[in-house]
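Chemist: One file: model.txt (compact mmCIF, C-alpha atoms).
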# COMPACT_ATOMS: atom_id res chain seq x y z
CA ILE A 1 9.12 -102.87 28.73
CA LEU A 2 8.29 -100.35 31.47
CA ARG A 3 11.92 -100.37 32.56
CA ARG A 4 13.13 -99.70 29.02
CA GLU A 5 10.62 -96.88 28.61
CA LYS A 6 11.73 -95.36 31.90
CA LYS A 7 15.39 -95.46 30.84
CA LYS A 8 14.51 -94.01 27.46
CA LYS A 9 12.61 -91.09 29.01
CA LYS A 10 15.44 -90.48 31.45
CA LYS A 11 17.96 -90.41 28.60
CA GLN A 12 15.79 -88.05 26.55
CA ARG A 13 15.40 -85.74 29.53
CA ARG A 14 19.18 -85.61 30.01
CA GLU A 15 19.70 -84.86 26.32
CA ARG A 16 17.19 -82.01 26.37
CA MET A 17 18.69 -80.50 29.50
CA GLY A 18 22.31 -81.40 28.76
CA GLY A 19 22.14 -82.83 32.30
CA TRP A 20 24.42 -84.77 34.59
CA ASN A 21 24.46 -88.54 35.04
CA SER A 22 25.80 -88.25 38.59
CA ILE A 23 24.57 -85.73 41.15
CA SER A 24 27.75 -86.26 43.20
CA LEU A 25 29.98 -85.37 40.25
CA LYS A 26 27.82 -82.34 39.57
CA VAL A 27 28.37 -81.13 43.12
CA VAL A 28 32.13 -81.71 42.80
CA TYR A 29 32.10 -79.81 39.49
CA GLU A 30 30.32 -76.81 41.00
CA VAL A 31 32.59 -76.74 44.07
CA LEU A 32 35.75 -76.90 41.94
CA GLY A 33 34.37 -74.24 39.63
CA TRP A 34 33.73 -71.77 42.42
CA ILE A 35 37.09 -72.53 44.07
CA ALA A 36 38.76 -71.67 40.77
CA PHE A 37 36.62 -68.55 40.46
CA VAL A 38 37.45 -67.35 43.98
CA ALA A 39 41.17 -68.17 43.69
CA TRP A 40 41.55 -66.51 40.29
CA SER A 41 39.46 -63.50 41.32
CA ILE A 42 41.40 -62.92 44.54
CA SER A 43 44.68 -63.42 42.66
CA PHE A 44 44.34 -59.96 41.10
CA TYR A 45 44.32 -58.17 44.45
CA PRO A 46 47.85 -58.89 45.82
CA GLN A 47 49.42 -57.04 42.88
CA VAL A 48 46.95 -54.15 43.15
CA ILE A 49 47.57 -53.88 46.90
CA LEU A 50 51.34 -54.13 46.47
CA ASN A 51 51.28 -51.33 43.89
CA PHE A 52 49.16 -49.21 46.23
CA ARG A 53 51.40 -49.77 49.26
CA ARG A 54 54.60 -49.02 47.33
CA LYS A 55 53.04 -46.24 45.26
CA SER A 56 55.15 -47.79 42.53
CA VAL A 57 54.82 -50.31 39.72
CA VAL A 58 58.55 -50.84 39.32
CA GLY A 59 59.13 -54.57 38.88
CA LEU A 60 55.76 -55.21 37.28
CA ASN A 61 56.17 -55.71 33.55
CA PHE A 62 53.83 -53.42 31.61
CA ASP A 63 53.67 -55.74 28.60
CA PHE A 64 52.33 -58.47 30.89
CA VAL A 65 49.48 -56.18 31.95
CA ILE A 66 48.43 -55.02 28.48
CA LEU A 67 48.62 -58.54 27.05
CA ASN A 68 46.67 -59.80 30.04
CA LEU A 69 43.94 -57.22 29.46
CA THR A 70 43.62 -58.29 25.83
CA LYS A 71 43.48 -61.92 26.92
CA HIS A 72 40.72 -61.40 29.49
CA SER A 73 38.70 -59.10 27.23
CA SER A 74 38.64 -61.65 24.42
CA TYR A 75 37.90 -64.45 26.89
CA LEU A 76 34.99 -62.46 28.30
CA ILE A 77 33.50 -62.16 24.82
CA TYR A 78 33.85 -65.91 24.28
CA ASN A 79 32.36 -66.89 27.66
CA ALA A 80 29.49 -64.40 27.67
CA VAL A 81 28.35 -65.11 24.12
CA LEU A 82 28.53 -68.90 24.45
CA PHE A 83 26.74 -68.84 27.81
CA PHE A 84 23.93 -66.41 26.95
CA SER A 85 23.37 -66.86 23.20
CA THR A 86 20.98 -69.69 22.32
CA THR A 87 21.99 -69.33 18.66
CA VAL A 88 25.65 -70.00 19.42
CA GLN A 89 24.69 -72.84 21.75
CA ALA A 90 22.66 -74.43 18.95
CA GLN A 91 25.65 -74.18 16.60
CA TYR A 92 27.89 -75.70 19.28
CA ARG A 93 25.60 -78.71 19.79
CA HIS A 94 25.18 -79.13 16.05
CA LYS A 95 28.96 -79.39 15.73
CA TYR A 96 29.80 -81.46 18.82
CA GLY A 97 26.56 -83.37 19.52
CA SER A 98 23.08 -82.52 20.78
CA ASN A 99 23.67 -84.22 24.13
CA GLN A 100 26.81 -82.23 24.96
CA MET A 101 26.73 -79.66 27.72
CA ILE A 102 27.92 -76.14 27.01
CA PRO A 103 31.52 -75.98 28.34
CA VAL A 104 31.04 -72.56 29.95
CA ALA A 105 29.53 -72.07 33.40
CA ILE A 106 28.21 -68.91 35.05
CA ASN A 107 31.34 -68.69 37.22
CA ASP A 108 33.41 -68.48 34.01
CA VAL A 109 31.43 -65.42 32.94
CA ALA A 110 31.63 -63.86 36.41
CA PHE A 111 35.38 -64.43 36.52
CA SER A 112 35.93 -62.85 33.11
CA ILE A 113 34.01 -59.70 34.04
CA HIS A 114 35.96 -59.37 37.28
CA ALA A 115 39.28 -60.08 35.54
CA VAL A 116 38.77 -57.36 32.93
CA ALA A 117 37.85 -54.82 35.62
CA LEU A 118 40.85 -55.60 37.88
CA THR A 119 43.36 -55.79 35.02
CA ALA A 120 42.10 -52.45 33.70
CA PHE A 121 42.56 -50.99 37.19
CA THR A 122 46.12 -52.35 37.32
CA LEU A 123 46.75 -50.64 33.99
CA PHE A 124 45.42 -47.43 35.53
CA GLN A 125 47.92 -47.81 38.39
CA ILE A 126 50.74 -47.97 35.86
CA PHE A 127 49.90 -44.45 34.72
CA ILE A 128 49.56 -42.89 38.20
CA TYR A 129 52.38 -44.54 40.18
CA GLU A 130 56.15 -44.35 39.97
CA ARG A 131 57.50 -46.42 37.11
CA LYS A 132 61.01 -44.99 36.54
CA ASN A 133 62.18 -45.82 33.01
CA GLN A 134 59.79 -48.75 32.47
CA ARG A 135 57.45 -48.51 29.47
CA PHE A 136 55.36 -50.57 27.08
CA SER A 137 57.37 -52.22 24.35
CA LYS A 138 56.59 -51.64 20.69
CA VAL A 139 56.33 -55.41 20.25
CA SER A 140 53.49 -55.77 22.76
CA ILE A 141 51.66 -52.76 21.35
CA GLY A 142 52.00 -54.25 17.88
CA ILE A 143 50.72 -57.65 19.04
CA VAL A 144 47.68 -56.16 20.76
CA THR A 145 46.88 -53.95 17.77
CA ALA A 146 47.17 -56.88 15.37
CA ALA A 147 44.94 -59.05 17.58
CA TRP A 148 42.07 -56.55 17.68
CA LEU A 149 42.35 -55.67 13.99
CA SER A 150 42.16 -59.37 13.15
CA ALA A 151 39.13 -59.76 15.41
CA ALA A 152 37.42 -56.83 13.67
CA VAL A 153 37.94 -58.45 10.26
CA CYS A 154 36.54 -61.74 11.58
CA VAL A 155 33.45 -59.95 12.92
CA PHE A 156 32.77 -58.63 9.42
CA VAL A 157 33.19 -62.11 7.92
CA ALA A 158 30.94 -63.70 10.56
CA PHE A 159 28.14 -61.25 9.84
CA GLN A 160 28.21 -62.27 6.20
CA ARG A 161 28.13 -66.02 6.94
CA HIS A 162 26.31 -66.06 10.30
CA SER A 163 29.20 -68.13 11.63
CA TRP A 164 28.82 -67.06 15.24
CA LEU A 165 30.44 -70.15 16.79
CA TRP A 166 33.43 -69.65 14.51
CA LEU A 167 33.60 -65.99 15.53
CA ILE A 168 33.73 -66.62 19.26
CA SER A 169 36.26 -69.36 18.55
CA VAL A 170 38.45 -66.61 17.07
CA PHE A 171 38.23 -64.67 20.33
CA ASN A 172 38.99 -67.89 22.17
CA THR A 173 42.07 -68.35 19.99
CA ILE A 174 43.18 -64.80 20.78
CA GLN A 175 42.93 -65.46 24.49
CA VAL A 176 44.90 -68.69 24.10
CA ILE A 177 47.69 -66.87 22.24
CA MET A 178 47.75 -64.11 24.85
CA THR A 179 47.88 -66.71 27.62
CA VAL A 180 50.90 -68.34 26.01
CA ILE A 181 52.88 -65.14 25.49
CA LYS A 182 51.72 -62.81 28.28
CA TYR A 183 53.94 -64.38 30.96
CA ILE A 184 57.12 -64.25 28.88
CA PRO A 185 57.91 -60.53 29.35
CA GLN A 186 57.60 -60.81 33.15
CA ALA A 187 59.71 -63.98 33.31
CA VAL A 188 62.41 -62.37 31.15
CA MET A 189 62.31 -59.19 33.22
CA ASN A 190 62.73 -61.18 36.46
CA PHE A 191 65.70 -62.97 34.87
CA LYS A 192 67.38 -59.73 33.79
CA ARG A 193 66.81 -58.04 37.16
CA LYS A 194 67.67 -61.23 39.08
CA SER A 195 64.75 -60.27 41.28
CA THR A 196 60.97 -60.61 41.58
CA ASP A 197 60.59 -57.46 43.72
CA GLY A 198 57.51 -55.55 42.64
CA PHE A 199 55.82 -58.64 41.20
CA SER A 200 53.44 -60.23 43.70
CA ILE A 201 53.96 -63.94 44.39
CA GLY A 202 50.52 -64.03 46.01
CA ASN A 203 49.06 -63.53 42.56
CA ILE A 204 50.98 -66.57 41.31
CA LEU A 205 50.08 -68.92 44.17
CA LEU A 206 46.38 -68.16 43.82
CA ASP A 207 46.59 -68.44 40.05
CA LEU A 208 48.13 -71.89 40.41
CA LEU A 209 45.30 -73.00 42.68
CA GLY A 210 42.77 -71.69 40.18
CA GLY A 211 44.46 -73.47 37.29
CA LEU A 212 44.55 -76.83 39.06
CA THR A 213 40.92 -76.68 40.21
CA ASN A 214 39.74 -75.46 36.79
CA TYR A 215 41.47 -78.39 35.11
CA GLY A 216 39.89 -80.74 37.67
CA GLN A 217 36.48 -79.24 36.92
CA MET A 218 36.79 -80.08 33.24
CA ALA A 219 37.96 -83.62 34.04
CA VAL A 220 34.96 -84.22 36.33
CA GLN A 221 32.54 -83.11 33.62
CA SER A 222 34.21 -85.35 31.06
CA ILE A 223 34.08 -88.36 33.40
CA ASP A 224 30.37 -87.82 33.99
CA GLN A 225 29.62 -87.48 30.27
CA LYS A 226 31.97 -90.34 29.33
CA SER A 227 33.30 -88.04 26.63
CA TRP A 228 36.43 -85.92 26.32
CA VAL A 229 34.82 -83.51 23.87
CA ASN A 230 34.76 -81.03 26.75
CA PHE A 231 38.54 -80.70 26.36
CA TYR A 232 38.86 -80.34 22.61
CA GLY A 233 35.47 -78.61 22.30
CA ASN A 234 36.81 -75.88 24.58
CA ILE A 235 40.50 -76.07 23.77
CA GLY A 236 41.04 -72.55 25.04
CA LYS A 237 40.05 -73.47 28.55
CA THR A 238 42.24 -76.57 28.43
CA LEU A 239 45.33 -74.67 27.29
CA LEU A 240 44.54 -71.88 29.73
CA SER A 241 44.98 -74.30 32.64
CA LEU A 242 48.07 -76.06 31.34
CA VAL A 243 50.01 -72.96 30.26
CA SER A 244 49.09 -71.05 33.41
CA ILE A 245 50.26 -73.92 35.61
CA PHE A 246 53.59 -74.11 33.75
CA PHE A 247 54.38 -70.42 34.13
CA ASP A 248 53.11 -70.29 37.72
CA ILE A 249 55.62 -72.99 38.61
CA LEU A 250 58.34 -71.05 36.77
CA PHE A 251 57.56 -67.87 38.72
CA ILE A 252 57.52 -69.79 42.00
CA ILE A 253 60.98 -71.16 41.23
CA GLN A 254 62.21 -67.68 40.34
CA HIS A 255 60.80 -66.17 43.54
CA TYR A 256 61.76 -68.80 46.11
CA VAL A 257 64.78 -70.55 44.55
CA LEU A 258 66.58 -68.43 41.95
CA TYR A 259 65.93 -64.92 43.21
CA PRO A 260 64.77 -65.09 46.86
CA ALA A 261 62.73 -62.05 47.86
CA LYS A 262 64.41 -59.39 49.91
CA LYS A 263 63.35 -59.09 53.53
CA SER A 264 61.54 -55.82 52.90
CA LEU A 265 59.94 -54.63 49.70
CA LEU A 266 58.90 -51.35 51.26
CA PRO A 267 61.61 -48.88 52.26
CA THR A 268 61.33 -47.52 55.78
CA SER A 269 61.11 -43.80 56.49
CA SER A 270 64.63 -43.84 57.89
CA SER A 271 66.05 -45.55 54.82
CA ARG A 272 64.28 -43.06 52.59
CA SER A 273 65.74 -40.16 54.53
CA ASP A 274 69.20 -41.74 54.34
CA THR A 275 68.83 -42.16 50.62
CA GLN A 276 67.74 -38.56 50.17
CA SER A 277 70.62 -37.31 52.27
Please lay out the structure from this file as structure tokens.

Modeler:
Amino acid sequence: ILRREKKKKKKQRRERMGGWNSISLKVVYEVLGWIAFVAWSISFYPQVILNFRRKSVVGLNFDFVILNLTKHSSYLIYNAVLFFSTTVQAQYRHKYGSNQMIPVAINDVAFSIHAVALTAFTLFQIFIYERKNQRFSKVSIGIVTAAWLSAAVCVFVAFQRHSWLWLISVFNTIQVIMTVIKYIPQAVMNFKRKSTDGFSIGNILLDLLGGLTNYGQMAVQSIDQKSWVNFYGNIGKTLLSLVSIFFDILFIIQHYVLYPAKKSLLPTSSSRSDTQS
């Protein structure tokens, strides 16, 4: 009887806290989460540094940047609201089960804030550095405009129905759509130029590491909870990992196999003088 009561109290405590069954798996989860956070956060810097060194953004697709900014902005809204709002958390547990943990960790919120800041800075570089005849396409501008107008309409609807979980799910859907399409302009541009010059491969390698560890983090949590609701309860995070991994591999093939990088991305002073003469 005492043993049953002890197990019952332990189970109730886990349900109240949304806790872990295994301390070891919790440690693995946290380690993988911060590895993904560090890898993804650092992944923004190679492109920023490359742009700064070249004083040029030629080779970086502008549509990729603006779609990426929309993606990270909407993902920040989703992560921050689900992590900090007790009302949204209550709606999440009501839908998926009272014993389910919230599928957003503090490192997800930290990453989103950092991602928005660095992507916005990359956008700023586009306007101050050499870009030749590159410009934003009307298609990408139309997609971004449609995404935010749709989000605004959904905000109005959510206020009427108090459907806050549904509302952040809309932002999550936006970030999923942006994740799927944002890489396409850069991949097509690399194909047309038969080159990846100006597009940092360091960004891709770190992004791949982040995607793999993030996917592993979700798997560890699901194993501990003996439930795969973590995947379909946060479908955006699941698709984020899978789609990112696919395109990262594509860019790696383009860079190292199809269009090997030139020996020097930066022209020397002598070559510049020769060109000018």

Chemist: Excluding Gln134 in chain A and its own-chain neighbours fewer than 6 positions away, which residues fall within 10 Å of it when counting only C-alpha atoms? Please give them as number ranges by chain.

Modeler: A: 57-62, 126

Chemist: Distance CA of Ile106 in chain A-CA of Phe83 in chain A, one decimal place?

Modeler: 7.4 Å

Chemist: I'd like the interatomic distance between CA of Gln47 in chain A and CA of Thr145 in chain A, to a tenth of an Å.

Modeler: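 We find that CA of Gln47 in chain A and CA of Thr145 in chain A lie 25.4 Å from each other.
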
Chemist: At a cut-off of 12 Å around the point (32.6, -65.5, 32.8) (file coordinates), what residues fall inside when counting only C-alpha atoms? I'd like the answer as a PDB file with C-alpha atoms, in the frame of the given file.

Modeler:
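Wrote result_1.pdb, looks like this:
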ATOM      1  CA  GLY A  33      34.370 -74.240  39.630  1.00  0.00           C
ATOM      2  CA  TRP A  34      33.730 -71.770  42.420  1.00  0.00           C
ATOM      3  CA  ALA A  36      38.760 -71.670  40.770  1.00  0.00           C
ATOM      4  CA  PHE A  37      36.620 -68.550  40.460  1.00  0.00           C
ATOM      5  CA  TRP A  40      41.550 -66.510  40.290  1.00  0.00           C
ATOM      6  CA  SER A  41      39.460 -63.500  41.320  1.00  0.00           C
ATOM      7  CA  HIS A  72      40.720 -61.400  29.490  1.00  0.00           C
ATOM      8  CA  SER A  73      38.700 -59.100  27.230  1.00  0.00           C
ATOM      9  CA  SER A  74      38.640 -61.650  24.420  1.00  0.00           C
ATOM     10  CA  TYR A  75      37.900 -64.450  26.890  1.00  0.00           C
ATOM     11  CA  LEU A  76      34.990 -62.460  28.300  1.00  0.00           C
ATOM     12  CA  ILE A  77      33.500 -62.160  24.820  1.00  0.00           C
ATOM     13  CA  TYR A  78      33.850 -65.910  24.280  1.00  0.00           C
ATOM     14  CA  ASN A  79      32.360 -66.890  27.660  1.00  0.00           C
ATOM     15  CA  ALA A  80      29.490 -64.400  27.670  1.00  0.00           C
ATOM     16  CA  VAL A  81      28.350 -65.110  24.120  1.00  0.00           C
ATOM     17  CA  LEU A  82      28.530 -68.900  24.450  1.00  0.00           C
ATOM     18  CA  PHE A  83      26.740 -68.840  27.810  1.00  0.00           C
ATOM     19  CA  PHE A  84      23.930 -66.410  26.950  1.00  0.00           C
ATOM     20  CA  PRO A 103      31.520 -75.980  28.340  1.00  0.00           C
ATOM     21  CA  VAL A 104      31.040 -72.560  29.950  1.00  0.00           C
ATOM     22  CA  ALA A 105      29.530 -72.070  33.400  1.00  0.00           C
ATOM     23  CA  ILE A 106      28.210 -68.910  35.050  1.00  0.00           C
ATOM     24  CA  ASN A 107      31.340 -68.690  37.220  1.00  0.00           C
ATOM     25  CA  ASP A 108      33.410 -68.480  34.010  1.00  0.00           C
ATOM     26  CA  VAL A 109      31.430 -65.420  32.940  1.00  0.00           C
ATOM     27  CA  ALA A 110      31.630 -63.860  36.410  1.00  0.00           C
ATOM     28  CA  PHE A 111      35.380 -64.430  36.520  1.00  0.00           C
ATOM     29  CA  SER A 112      35.930 -62.850  33.110  1.00  0.00           C
ATOM     30  CA  ILE A 113      34.010 -59.700  34.040  1.00  0.00           C
ATOM     31  CA  HIS A 114      35.960 -59.370  37.280  1.00  0.00           C
ATOM     32  CA  ALA A 115      39.280 -60.080  35.540  1.00  0.00           C
ATOM     33  CA  VAL A 116      38.770 -57.360  32.930  1.00  0.00           C
ATOM     34  CA  LYS A 237      40.050 -73.470  28.550  1.00  0.00           C
TER      35      LYS A 237
END

Chemist: Could you jot down the CA of Met178 in chain A to CA of Val144 in chain A separation for me, Å, one decimal place?

Modeler: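 Straight-line distance from CA of Met178 in chain A to CA of Val144 in chain A works out to 8.9 Å.
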
Chemist: Please define a box with edges along x, y and z of the file around all atoms of range 187-200 of chain A given in the file, extend it by 5 Å on each side, and return its centre and edge lengths in Å to one decimal, as AutoDock Vina command-line options.

Modeler:
--center_x 60.6 --center_y -59.8 --center_z 37.4 --size_x 24.2 --size_y 18.4 --size_z 22.6

Chemist: Name all residues at most 10 Å from Ile143 in chain A (count all atoms listed in the file; drop same-chain ones fewer than 6 positions away) and give them as a VMD selection string.

Modeler: chain A and resid 67 70 149 178

Chemist: Export, as a CSV table (one decimal), in the frame of the given file, the selected residues with C-alpha atoms.

Modeler:
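Written output follows (result_11.csv):
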chain,number,residue,atom,x,y,z
A,67,LEU,CA,48.6,-58.5,27.0
A,70,THR,CA,43.6,-58.3,25.8
A,149,LEU,CA,42.4,-55.7,14.0
A,178,MET,CA,47.8,-64.1,24.8

Chemist: Of the residues A:Asn190, A:Thr173, A:Ser56, A:Ser137, which is the one nearest to Phe124 in chain A, using all atoms listed in the file?

Modeler: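 So, comparing all the options, the nearest one is A:Ser56.
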